[in-house]
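Peer 1: run_38.cif is reproduced in full below (mmCIF, C-alpha atoms).
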data_coords
#
loop_
_atom_site.group_PDB
_atom_site.id
_atom_site.type_symbol
_atom_site.label_atom_id
_atom_site.label_comp_id
_atom_site.auth_asym_id
_atom_site.auth_seq_id
_atom_site.Cartn_x
_atom_site.Cartn_y
_atom_site.Cartn_z
ATOM 1 C CA GLN A 1371 -20.203 -1.507 4.830
ATOM 2 C CA VAL A 1372 -16.394 -1.502 5.046
ATOM 3 C CA PHE A 1373 -16.399 2.292 5.010
ATOM 4 C CA ASP A 1374 -19.075 2.494 7.717
ATOM 5 C CA ASN A 1375 -17.252 -0.021 9.925
ATOM 6 C CA GLU A 1376 -13.978 1.865 9.631
ATOM 7 C CA VAL A 1377 -15.664 5.197 10.345
ATOM 8 C CA ALA A 1378 -17.155 3.694 13.515
ATOM 9 C CA ALA A 1379 -13.715 2.420 14.531
ATOM 10 C CA TYR A 1380 -12.204 5.841 13.808
ATOM 11 C CA HIS A 1381 -14.684 7.621 16.072
ATOM 12 C CA ALA A 1382 -14.126 5.054 18.832
ATOM 13 C CA ILE A 1383 -10.367 5.652 18.623
ATOM 14 C CA ARG A 1384 -10.765 9.420 18.717
ATOM 15 C CA ASP A 1385 -13.241 9.268 21.624
ATOM 16 C CA TYR A 1386 -10.784 7.161 23.605
ATOM 17 C CA GLN A 1387 -7.909 9.517 22.827
ATOM 18 C CA ALA A 1388 -9.950 12.556 23.842
ATOM 19 C CA ALA A 1389 -11.038 10.900 27.092
ATOM 20 C CA HIS A 1390 -7.421 10.086 27.983
ATOM 21 C CA ASN A 1391 -5.841 13.301 26.702
ATOM 22 C CA LEU A 1392 -3.898 11.454 23.989
ATOM 23 C CA LYS A 1393 -2.591 12.900 20.739
ATOM 24 C CA GLN A 1394 -4.483 12.172 17.533
ATOM 25 C CA ASN A 1395 -2.274 9.625 15.796
ATOM 26 C CA LEU A 1396 -2.600 8.853 12.107
ATOM 27 C CA VAL A 1397 -5.540 6.534 11.348
ATOM 28 C CA ILE A 1398 -5.312 4.594 8.090
ATOM 29 C CA PHE A 1399 -8.435 3.548 6.196
ATOM 30 C CA SER A 1400 -8.408 0.357 4.147
ATOM 31 C CA GLY A 1401 -10.510 -0.156 1.027
ATOM 32 C CA ASN A 1402 -12.262 -3.223 -0.391
ATOM 33 C CA ASN A 1403 -10.707 -6.046 -2.430
ATOM 34 C CA TRP A 1404 -7.199 -5.909 -0.939
ATOM 35 C CA ASP A 1405 -6.892 -2.143 -1.450
ATOM 36 C CA PRO A 1406 -5.641 -2.191 -5.047
ATOM 37 C CA LEU A 1407 -3.955 0.886 -6.389
ATOM 38 C CA HIS A 1408 -4.883 -0.206 -9.918
ATOM 39 C CA GLY A 1409 -8.329 0.990 -10.871
ATOM 40 C CA TRP A 1410 -8.803 2.779 -7.546
ATOM 41 C CA THR A 1411 -10.838 5.675 -8.906
ATOM 42 C CA ALA A 1412 -13.368 3.354 -10.595
ATOM 43 C CA ASP A 1413 -13.948 1.256 -7.467
ATOM 44 C CA ASN A 1414 -12.909 2.312 -3.966
ATOM 45 C CA GLY A 1415 -12.555 5.860 -5.207
ATOM 46 C CA LYS A 1416 -16.332 6.102 -5.413
ATOM 47 C CA VAL A 1417 -16.708 5.192 -1.726
ATOM 48 C CA PHE A 1418 -13.747 6.692 0.147
ATOM 49 C CA THR A 1419 -14.313 10.281 -0.960
ATOM 50 C CA MET A 1420 -13.802 13.575 0.823
ATOM 51 C CA ASN A 1421 -17.559 14.183 0.751
ATOM 52 C CA ALA A 1422 -18.254 10.773 2.301
ATOM 53 C CA PHE A 1423 -15.728 11.395 5.072
ATOM 54 C CA ASN A 1424 -17.122 14.854 5.726
ATOM 55 C CA ALA A 1425 -20.668 13.461 5.906
ATOM 56 C CA ALA A 1426 -19.392 10.928 8.454
ATOM 57 C CA GLY A 1427 -17.983 13.702 10.634
ATOM 58 C CA ILE A 1428 -14.356 13.380 9.529
ATOM 59 C CA ASP A 1429 -12.452 16.357 8.122
ATOM 60 C CA VAL A 1430 -9.839 14.963 5.750
ATOM 61 C CA ASP A 1431 -7.739 18.124 6.074
ATOM 62 C CA THR A 1432 -7.502 18.290 9.861
ATOM 63 C CA ASP A 1433 -8.357 14.884 11.364
ATOM 64 C CA ASN A 1434 -5.062 13.105 10.547
ATOM 65 C CA ILE A 1435 -6.241 10.252 8.344
ATOM 66 C CA ALA A 1436 -4.849 8.491 5.293
ATOM 67 C CA LEU A 1437 -5.773 5.735 2.872
ATOM 68 C CA GLU A 1438 -3.719 2.602 2.288
ATOM 69 C CA MET A 1439 -3.233 0.984 -1.102
ATOM 70 C CA HIS A 1440 -1.547 -2.213 -2.290
ATOM 71 C CA GLN A 1441 -0.057 -3.165 -5.640
ATOM 72 C CA TYR A 1442 1.567 -6.199 -7.230
ATOM 73 C CA PHE A 1443 2.734 -6.533 -10.812
ATOM 74 C CA ASP A 1444 2.001 -10.048 -12.001
ATOM 75 C CA ARG A 1445 -0.770 -10.977 -14.433
ATOM 76 C CA ASN A 1446 -3.661 -10.823 -11.936
ATOM 77 C CA PHE A 1447 -2.004 -8.386 -9.484
ATOM 78 C CA SER A 1448 -2.000 -11.037 -6.743
ATOM 79 C CA GLY A 1449 1.721 -11.180 -5.965
ATOM 80 C CA LEU A 1450 1.641 -14.974 -6.254
ATOM 81 C CA SER A 1451 3.807 -15.157 -9.363
ATOM 82 C CA SER A 1452 7.379 -14.008 -9.918
ATOM 83 C CA ALA A 1453 6.541 -13.252 -13.582
ATOM 84 C CA CYS A 1454 5.926 -9.502 -13.560
ATOM 85 C CA ASN A 1455 4.212 -7.504 -16.268
ATOM 86 C CA VAL A 1456 6.257 -5.569 -18.809
ATOM 87 C CA TYR A 1457 5.597 -1.849 -19.271
ATOM 88 C CA THR A 1458 7.244 0.371 -21.859
ATOM 89 C CA GLY A 1459 7.533 3.340 -19.513
ATOM 90 C CA ALA A 1460 5.762 5.555 -17.017
ATOM 91 C CA ASP A 1461 2.822 6.394 -19.279
ATOM 92 C CA ASP A 1462 2.210 2.758 -20.227
ATOM 93 C CA PHE A 1463 2.503 1.765 -16.557
ATOM 94 C CA ALA A 1464 -0.109 4.324 -15.513
ATOM 95 C CA GLN A 1465 -2.457 3.455 -18.368
ATOM 96 C CA GLN A 1466 -2.347 -0.312 -17.844
ATOM 97 C CA LEU A 1467 -2.924 0.081 -14.099
ATOM 98 C CA ALA A 1468 -5.687 2.635 -14.759
ATOM 99 C CA ILE A 1469 -4.061 5.193 -12.471
ATOM 100 C CA THR A 1470 -3.614 8.103 -14.855
ATOM 101 C CA ASP A 1471 -6.434 9.923 -13.061
ATOM 102 C CA LEU A 1472 -5.379 8.900 -9.539
ATOM 103 C CA PRO A 1473 -3.198 11.979 -8.835
ATOM 104 C CA GLN A 1474 -6.097 14.281 -9.699
ATOM 105 C CA TRP A 1475 -8.480 12.189 -7.598
ATOM 106 C CA LEU A 1476 -6.121 12.410 -4.620
ATOM 107 C CA ASN A 1477 -5.837 16.151 -5.044
ATOM 108 C CA ASP A 1478 -9.570 16.692 -5.503
ATOM 109 C CA ASN A 1479 -10.362 14.604 -2.422
ATOM 110 C CA HIS A 1480 -7.461 15.955 -0.330
ATOM 111 C CA MET A 1481 -6.352 12.387 0.371
ATOM 112 C CA LYS A 1482 -3.036 11.270 1.795
ATOM 113 C CA VAL A 1483 -1.972 7.754 0.787
ATOM 114 C CA LEU A 1484 0.403 5.135 2.129
ATOM 115 C CA LEU A 1485 1.481 2.433 -0.302
ATOM 116 C CA THR A 1486 1.443 -0.192 2.432
ATOM 117 C CA GLU A 1487 2.049 -3.368 0.453
ATOM 118 C CA PHE A 1488 3.843 -3.959 -2.821
ATOM 119 C CA GLY A 1489 6.637 -6.175 -3.971
ATOM 120 C CA GLY A 1490 8.138 -8.395 -6.601
ATOM 121 C CA ALA A 1491 10.654 -11.080 -7.339
ATOM 122 C CA ALA A 1492 14.325 -10.304 -7.782
ATOM 123 C CA ASN A 1493 14.248 -10.293 -11.575
ATOM 124 C CA ALA A 1494 14.577 -7.582 -14.194
ATOM 125 C CA ASN A 1495 10.864 -7.156 -14.967
ATOM 126 C CA CYS A 1496 9.798 -6.933 -11.322
ATOM 127 C CA THR A 1497 12.659 -4.575 -10.546
ATOM 128 C CA ALA A 1498 11.590 -2.293 -13.397
ATOM 129 C CA ASP A 1499 7.947 -2.385 -12.276
ATOM 130 C CA MET A 1500 8.783 -1.473 -8.704
ATOM 131 C CA GLN A 1501 10.957 1.382 -9.870
ATOM 132 C CA LEU A 1502 8.025 2.673 -11.927
ATOM 133 C CA MET A 1503 5.783 2.324 -8.870
ATOM 134 C CA LEU A 1504 8.140 4.244 -6.608
ATOM 135 C CA ASP A 1505 8.726 6.885 -9.290
ATOM 136 C CA PHE A 1506 4.940 7.336 -9.521
ATOM 137 C CA ALA A 1507 4.641 7.681 -5.737
ATOM 138 C CA THR A 1508 7.561 10.123 -5.599
ATOM 139 C CA THR A 1509 6.230 12.250 -8.463
ATOM 140 C CA ASN A 1510 2.843 12.367 -6.768
ATOM 141 C CA ALA A 1511 4.053 12.855 -3.221
ATOM 142 C CA TYR A 1512 2.042 14.913 -0.750
ATOM 143 C CA ALA A 1513 4.245 17.984 -0.986
ATOM 144 C CA ASN A 1514 4.783 21.281 -2.743
ATOM 145 C CA GLY A 1515 1.341 22.674 -2.046
ATOM 146 C CA LYS A 1516 -0.580 19.613 -3.252
ATOM 147 C CA GLN A 1517 -3.897 18.825 -1.589
ATOM 148 C CA GLY A 1518 -3.366 15.054 -1.797
ATOM 149 C CA GLY A 1519 -0.698 12.488 -2.569
ATOM 150 C CA PHE A 1520 1.602 9.764 -1.258
ATOM 151 C CA ILE A 1521 3.105 10.194 2.206
ATOM 152 C CA GLY A 1522 5.107 6.966 2.334
ATOM 153 C CA TRP A 1523 5.441 3.293 1.436
ATOM 154 C CA THR A 1524 6.335 -0.091 2.898
ATOM 155 C CA ALA A 1525 7.675 -2.943 0.765
ATOM 156 C CA TRP A 1526 6.371 -6.484 1.268
ATOM 157 C CA ARG A 1527 8.643 -9.498 1.331
ATOM 158 C CA VAL A 1528 6.714 -12.170 3.194
ATOM 159 C CA ASN A 1529 3.382 -13.879 2.593
ATOM 160 C CA ARG A 1530 2.430 -16.786 4.824
ATOM 161 C CA HIS A 1531 -0.401 -17.879 2.541
ATOM 162 C CA GLY A 1532 1.656 -19.113 -0.382
ATOM 163 C CA PRO A 1533 4.505 -21.534 -1.063
ATOM 164 C CA ALA A 1534 8.174 -20.612 -0.829
ATOM 165 C CA SER A 1535 9.024 -18.219 -3.644
ATOM 166 C CA ASP A 1536 10.905 -15.024 -4.409
ATOM 167 C CA PHE A 1537 8.195 -13.235 -2.418
ATOM 168 C CA ASN A 1538 8.100 -15.649 0.445
ATOM 169 C CA TYR A 1539 11.161 -15.877 2.669
ATOM 170 C CA LEU A 1540 13.081 -14.316 5.537
ATOM 171 C CA GLN A 1541 16.808 -14.316 6.210
ATOM 172 C CA GLN A 1542 16.755 -16.959 8.898
ATOM 173 C CA ALA A 1543 15.906 -20.658 8.990
ATOM 174 C CA ASN A 1544 13.293 -20.374 11.721
ATOM 175 C CA TYR A 1545 9.830 -21.478 10.695
ATOM 176 C CA ASN A 1546 8.321 -19.977 13.847
ATOM 177 C CA VAL A 1547 9.052 -16.469 12.600
ATOM 178 C CA TYR A 1548 5.718 -16.252 10.861
ATOM 179 C CA GLY A 1549 3.384 -19.081 11.769
ATOM 180 C CA GLY A 1550 5.249 -22.308 11.016
ATOM 181 C CA ASN A 1551 5.203 -25.531 13.001
ATOM 182 C CA GLY A 1552 8.692 -25.189 14.450
ATOM 183 C CA SER A 1553 10.646 -27.503 12.190
ATOM 184 C CA ALA A 1554 9.497 -27.224 8.596
ATOM 185 C CA SER A 1555 7.111 -25.262 6.445
ATOM 186 C CA ASN A 1556 3.571 -26.611 6.562
ATOM 187 C CA ASN A 1557 1.396 -25.964 3.529
ATOM 188 C CA GLY A 1558 2.751 -22.469 3.161
ATOM 189 C CA THR A 1559 2.259 -21.458 6.797
ATOM 190 C CA GLY A 1560 5.975 -21.216 7.510
ATOM 191 C CA ILE A 1561 8.836 -19.215 6.029
ATOM 192 C CA THR A 1562 11.723 -20.969 4.325
ATOM 193 C CA LEU A 1563 15.290 -19.735 4.256
ATOM 194 C CA GLY A 1564 15.998 -17.715 1.129
ATOM 195 C CA SER A 1565 18.977 -16.060 -0.448
ATOM 196 C CA ALA A 1566 19.595 -12.324 -0.130
ATOM 197 C CA ASN A 1567 17.133 -10.290 -2.162
ATOM 198 C CA SER A 1568 18.846 -7.822 -4.484
ATOM 199 C CA LEU A 1569 15.749 -5.606 -4.499
ATOM 200 C CA MET A 1570 16.831 -3.852 -1.311
ATOM 201 C CA ALA A 1571 20.151 -2.783 -2.759
ATOM 202 C CA ASN A 1572 19.011 -2.203 -6.336
ATOM 203 C CA VAL A 1573 15.583 -0.620 -5.810
ATOM 204 C CA PHE A 1574 14.423 0.260 -2.324
ATOM 205 C CA ALA A 1575 17.660 1.742 -0.986
ATOM 206 C CA THR A 1576 17.807 4.364 -3.738
ATOM 207 C CA TYR A 1577 14.480 5.792 -2.529
ATOM 208 C CA LEU A 1578 15.392 5.745 1.169
ATOM 209 C CA LYS A 1579 17.213 9.055 1.252
ATOM 210 C CA PRO A 1580 16.764 11.358 4.256
ATOM 211 C CA ILE A 1581 14.687 14.467 3.772
ATOM 212 C CA VAL A 1582 16.718 17.548 4.658
#
Output the structure of this file as structure tokens.
Peer 2:
Amino acid sequence: QVFDNEVAAYHAIRDYQAAHNLKQNLVIFSGNNWDPLHGWTADNGKVFTMNAFNAAGIDVDTDNIALEMHQYFDRNFSGLSSACNVYTGADDFAQQLAITDLPQWLNDNHMKVLLTEFGGAANANCTADMQLMLDFATTNAYANGKQGGFIGWTAWRVNRHGPASDFNYLQQANYNVYGGNGSASNNGTGITLGSANSLMANVFATYLKPIV
């Protein structure tokens, strides 16, 4: 049902663009269950396939689409805990997240992917996990003649649905920034002032190099 709804939305967008002589911008498709990267091929990977898109009148090679995926690194992959999992290296990371076959799936289905939500607390385990995640995305980038792979990522620092935590702050004491009541946080609907997050300097910035 999610796939069918998004296909209908895609065609409505393209019809509007054609009627108004607009360029075909990138349209991102979102999977079920918060779009998890972990275990993708066993779940969403059986629905959002190249054959399914083609049958729905969408050419994955020419129609400028991509998939989005999310990933957190705590025990239940929710991003609600600052206690991140411990992996012994890239192979262990891929095996525990059940993504060893994801690069081949992306290539076989000619799928571009944006890692649109991931994050972690500013501690050693979370830092290591996010580095493994970004290494995986970089190694499996959509480049060098590949038919599918990662085309980008966005890191996630704020979640209005939980209490103040390492995940849940902005660098200003204004609770209106993201749904507060104007003076103080209210059952997790506001953002509290937090200290500077070392993840930007220690993790993200090292992957934000310009492509020449």
Peer 1: Evaluated on this file, the PyMOL selection byres ((chain A and resi 1407-1413) around 12) picks out some residues - which ones are they, written as JSON, numbers by chain?
Peer 2: {"A": [1400, 1401, 1402, 1403, 1404, 1405, 1406, 1414, 1415, 1416, 1417, 1418, 1419, 1437, 1438, 1439, 1440, 1441, 1442, 1443, 1446, 1447, 1448, 1463, 1464, 1465, 1466, 1467, 1468, 1469, 1470, 1471, 1472, 1473, 1474, 1475, 1476, 1478, 1479, 1483, 1484, 1485, 1486, 1487, 1488, 1503, 1506, 1507, 1520]}
Peer 1: Kindly give the distance, in Å, that separates atom CA of A:Gln1517 and atom CA of A:Asp1462, rounded to a single decimal.
Peer 2: 25.4 Å
Peer 1: May I ask for the distance between atom CA of A:Val1573 and atom CA of A:Asn1514, given in Å to one decimal place?
Peer 2: 24.6 Å
Peer 1: Quick one: distance from atom CA of A:Gly1518 to atom CA of A:Met1500 in Å, one decimal?
Peer 2: 21.6 Å
Peer 1: Name the residues captured by the PyMOL selection byres ((chain A and resi 1380) around 12) when it is applied to the shown file; answer as a PDB file with C-alpha atoms, keeping the file's coordinate frame.
Peer 2:
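Wrote part-v3.pdb, looks like this:
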ATOM      1  CA  PHE A1373     -16.399   2.292   5.010  1.00  0.00           C
ATOM      2  CA  ASP A1374     -19.075   2.494   7.717  1.00  0.00           C
ATOM      3  CA  ASN A1375     -17.252  -0.021   9.925  1.00  0.00           C
ATOM      4  CA  GLU A1376     -13.978   1.865   9.631  1.00  0.00           C
ATOM      5  CA  VAL A1377     -15.664   5.197  10.345  1.00  0.00           C
ATOM      6  CA  ALA A1378     -17.155   3.694  13.515  1.00  0.00           C
ATOM      7  CA  ALA A1379     -13.715   2.420  14.531  1.00  0.00           C
ATOM      8  CA  HIS A1381     -14.684   7.621  16.072  1.00  0.00           C
ATOM      9  CA  ALA A1382     -14.126   5.054  18.832  1.00  0.00           C
ATOM     10  CA  ILE A1383     -10.367   5.652  18.623  1.00  0.00           C
ATOM     11  CA  ARG A1384     -10.765   9.420  18.717  1.00  0.00           C
ATOM     12  CA  ASP A1385     -13.241   9.268  21.624  1.00  0.00           C
ATOM     13  CA  TYR A1386     -10.784   7.161  23.605  1.00  0.00           C
ATOM     14  CA  GLN A1387      -7.909   9.517  22.827  1.00  0.00           C
ATOM     15  CA  GLN A1394      -4.483  12.172  17.533  1.00  0.00           C
ATOM     16  CA  ASN A1395      -2.274   9.625  15.796  1.00  0.00           C
ATOM     17  CA  LEU A1396      -2.600   8.853  12.107  1.00  0.00           C
ATOM     18  CA  VAL A1397      -5.540   6.534  11.348  1.00  0.00           C
ATOM     19  CA  ILE A1398      -5.312   4.594   8.090  1.00  0.00           C
ATOM     20  CA  PHE A1399      -8.435   3.548   6.196  1.00  0.00           C
ATOM     21  CA  SER A1400      -8.408   0.357   4.147  1.00  0.00           C
ATOM     22  CA  PHE A1423     -15.728  11.395   5.072  1.00  0.00           C
ATOM     23  CA  ALA A1426     -19.392  10.928   8.454  1.00  0.00           C
ATOM     24  CA  GLY A1427     -17.983  13.702  10.634  1.00  0.00           C
ATOM     25  CA  ILE A1428     -14.356  13.380   9.529  1.00  0.00           C
ATOM     26  CA  ASP A1429     -12.452  16.357   8.122  1.00  0.00           C
ATOM     27  CA  ASP A1433      -8.357  14.884  11.364  1.00  0.00           C
ATOM     28  CA  ASN A1434      -5.062  13.105  10.547  1.00  0.00           C
ATOM     29  CA  ILE A1435      -6.241  10.252   8.344  1.00  0.00           C
ATOM     30  CA  ALA A1436      -4.849   8.491   5.293  1.00  0.00           C
TER      31      ALA A1436
END
Peer 1: I'd like the contact shell of A:Ala1494 - 12 Å cut-off, all atoms listed in the file, skipping same-chain residues fewer than 3 positions apart - returned as a ChimeraX atom specification.
Peer 2: /A:1452-1457,1490-1491,1497-1501,1568-1569,1572-1573
Peer 1: I'd like the box whose edges run along x, y and z of the file and which contains every listed atom of stretch 1424-1430 of chain A, padded by 5 Å per side; could you state its centre and edge lengths in Å, one decimal, as JSON?
Peer 2:
{"center_x": -15.3, "center_y": 13.6, "center_z": 8.2, "size_x": 20.8, "size_y": 15.4, "size_z": 14.9}
Peer 1: With distances taken over only C-alpha atoms, which of A:Ala1511, A:Phe1574, A:Arg1445, A:Ala1460 is nearest to A:Gly1489?
Peer 2: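 Ranked by minimum distance to A:Gly1489, first place goes to A:Phe1574.
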Peer 1: Taking all atoms listed in the file into account, name the residue in A:Ala1388, A:Ala1492, A:Lys1482, A:Asn1421 that is nearest to A:Ala1571.
Peer 2: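 Using all atoms listed in the file, the shortest distance to A:Ala1571 belongs to A:Ala1492.
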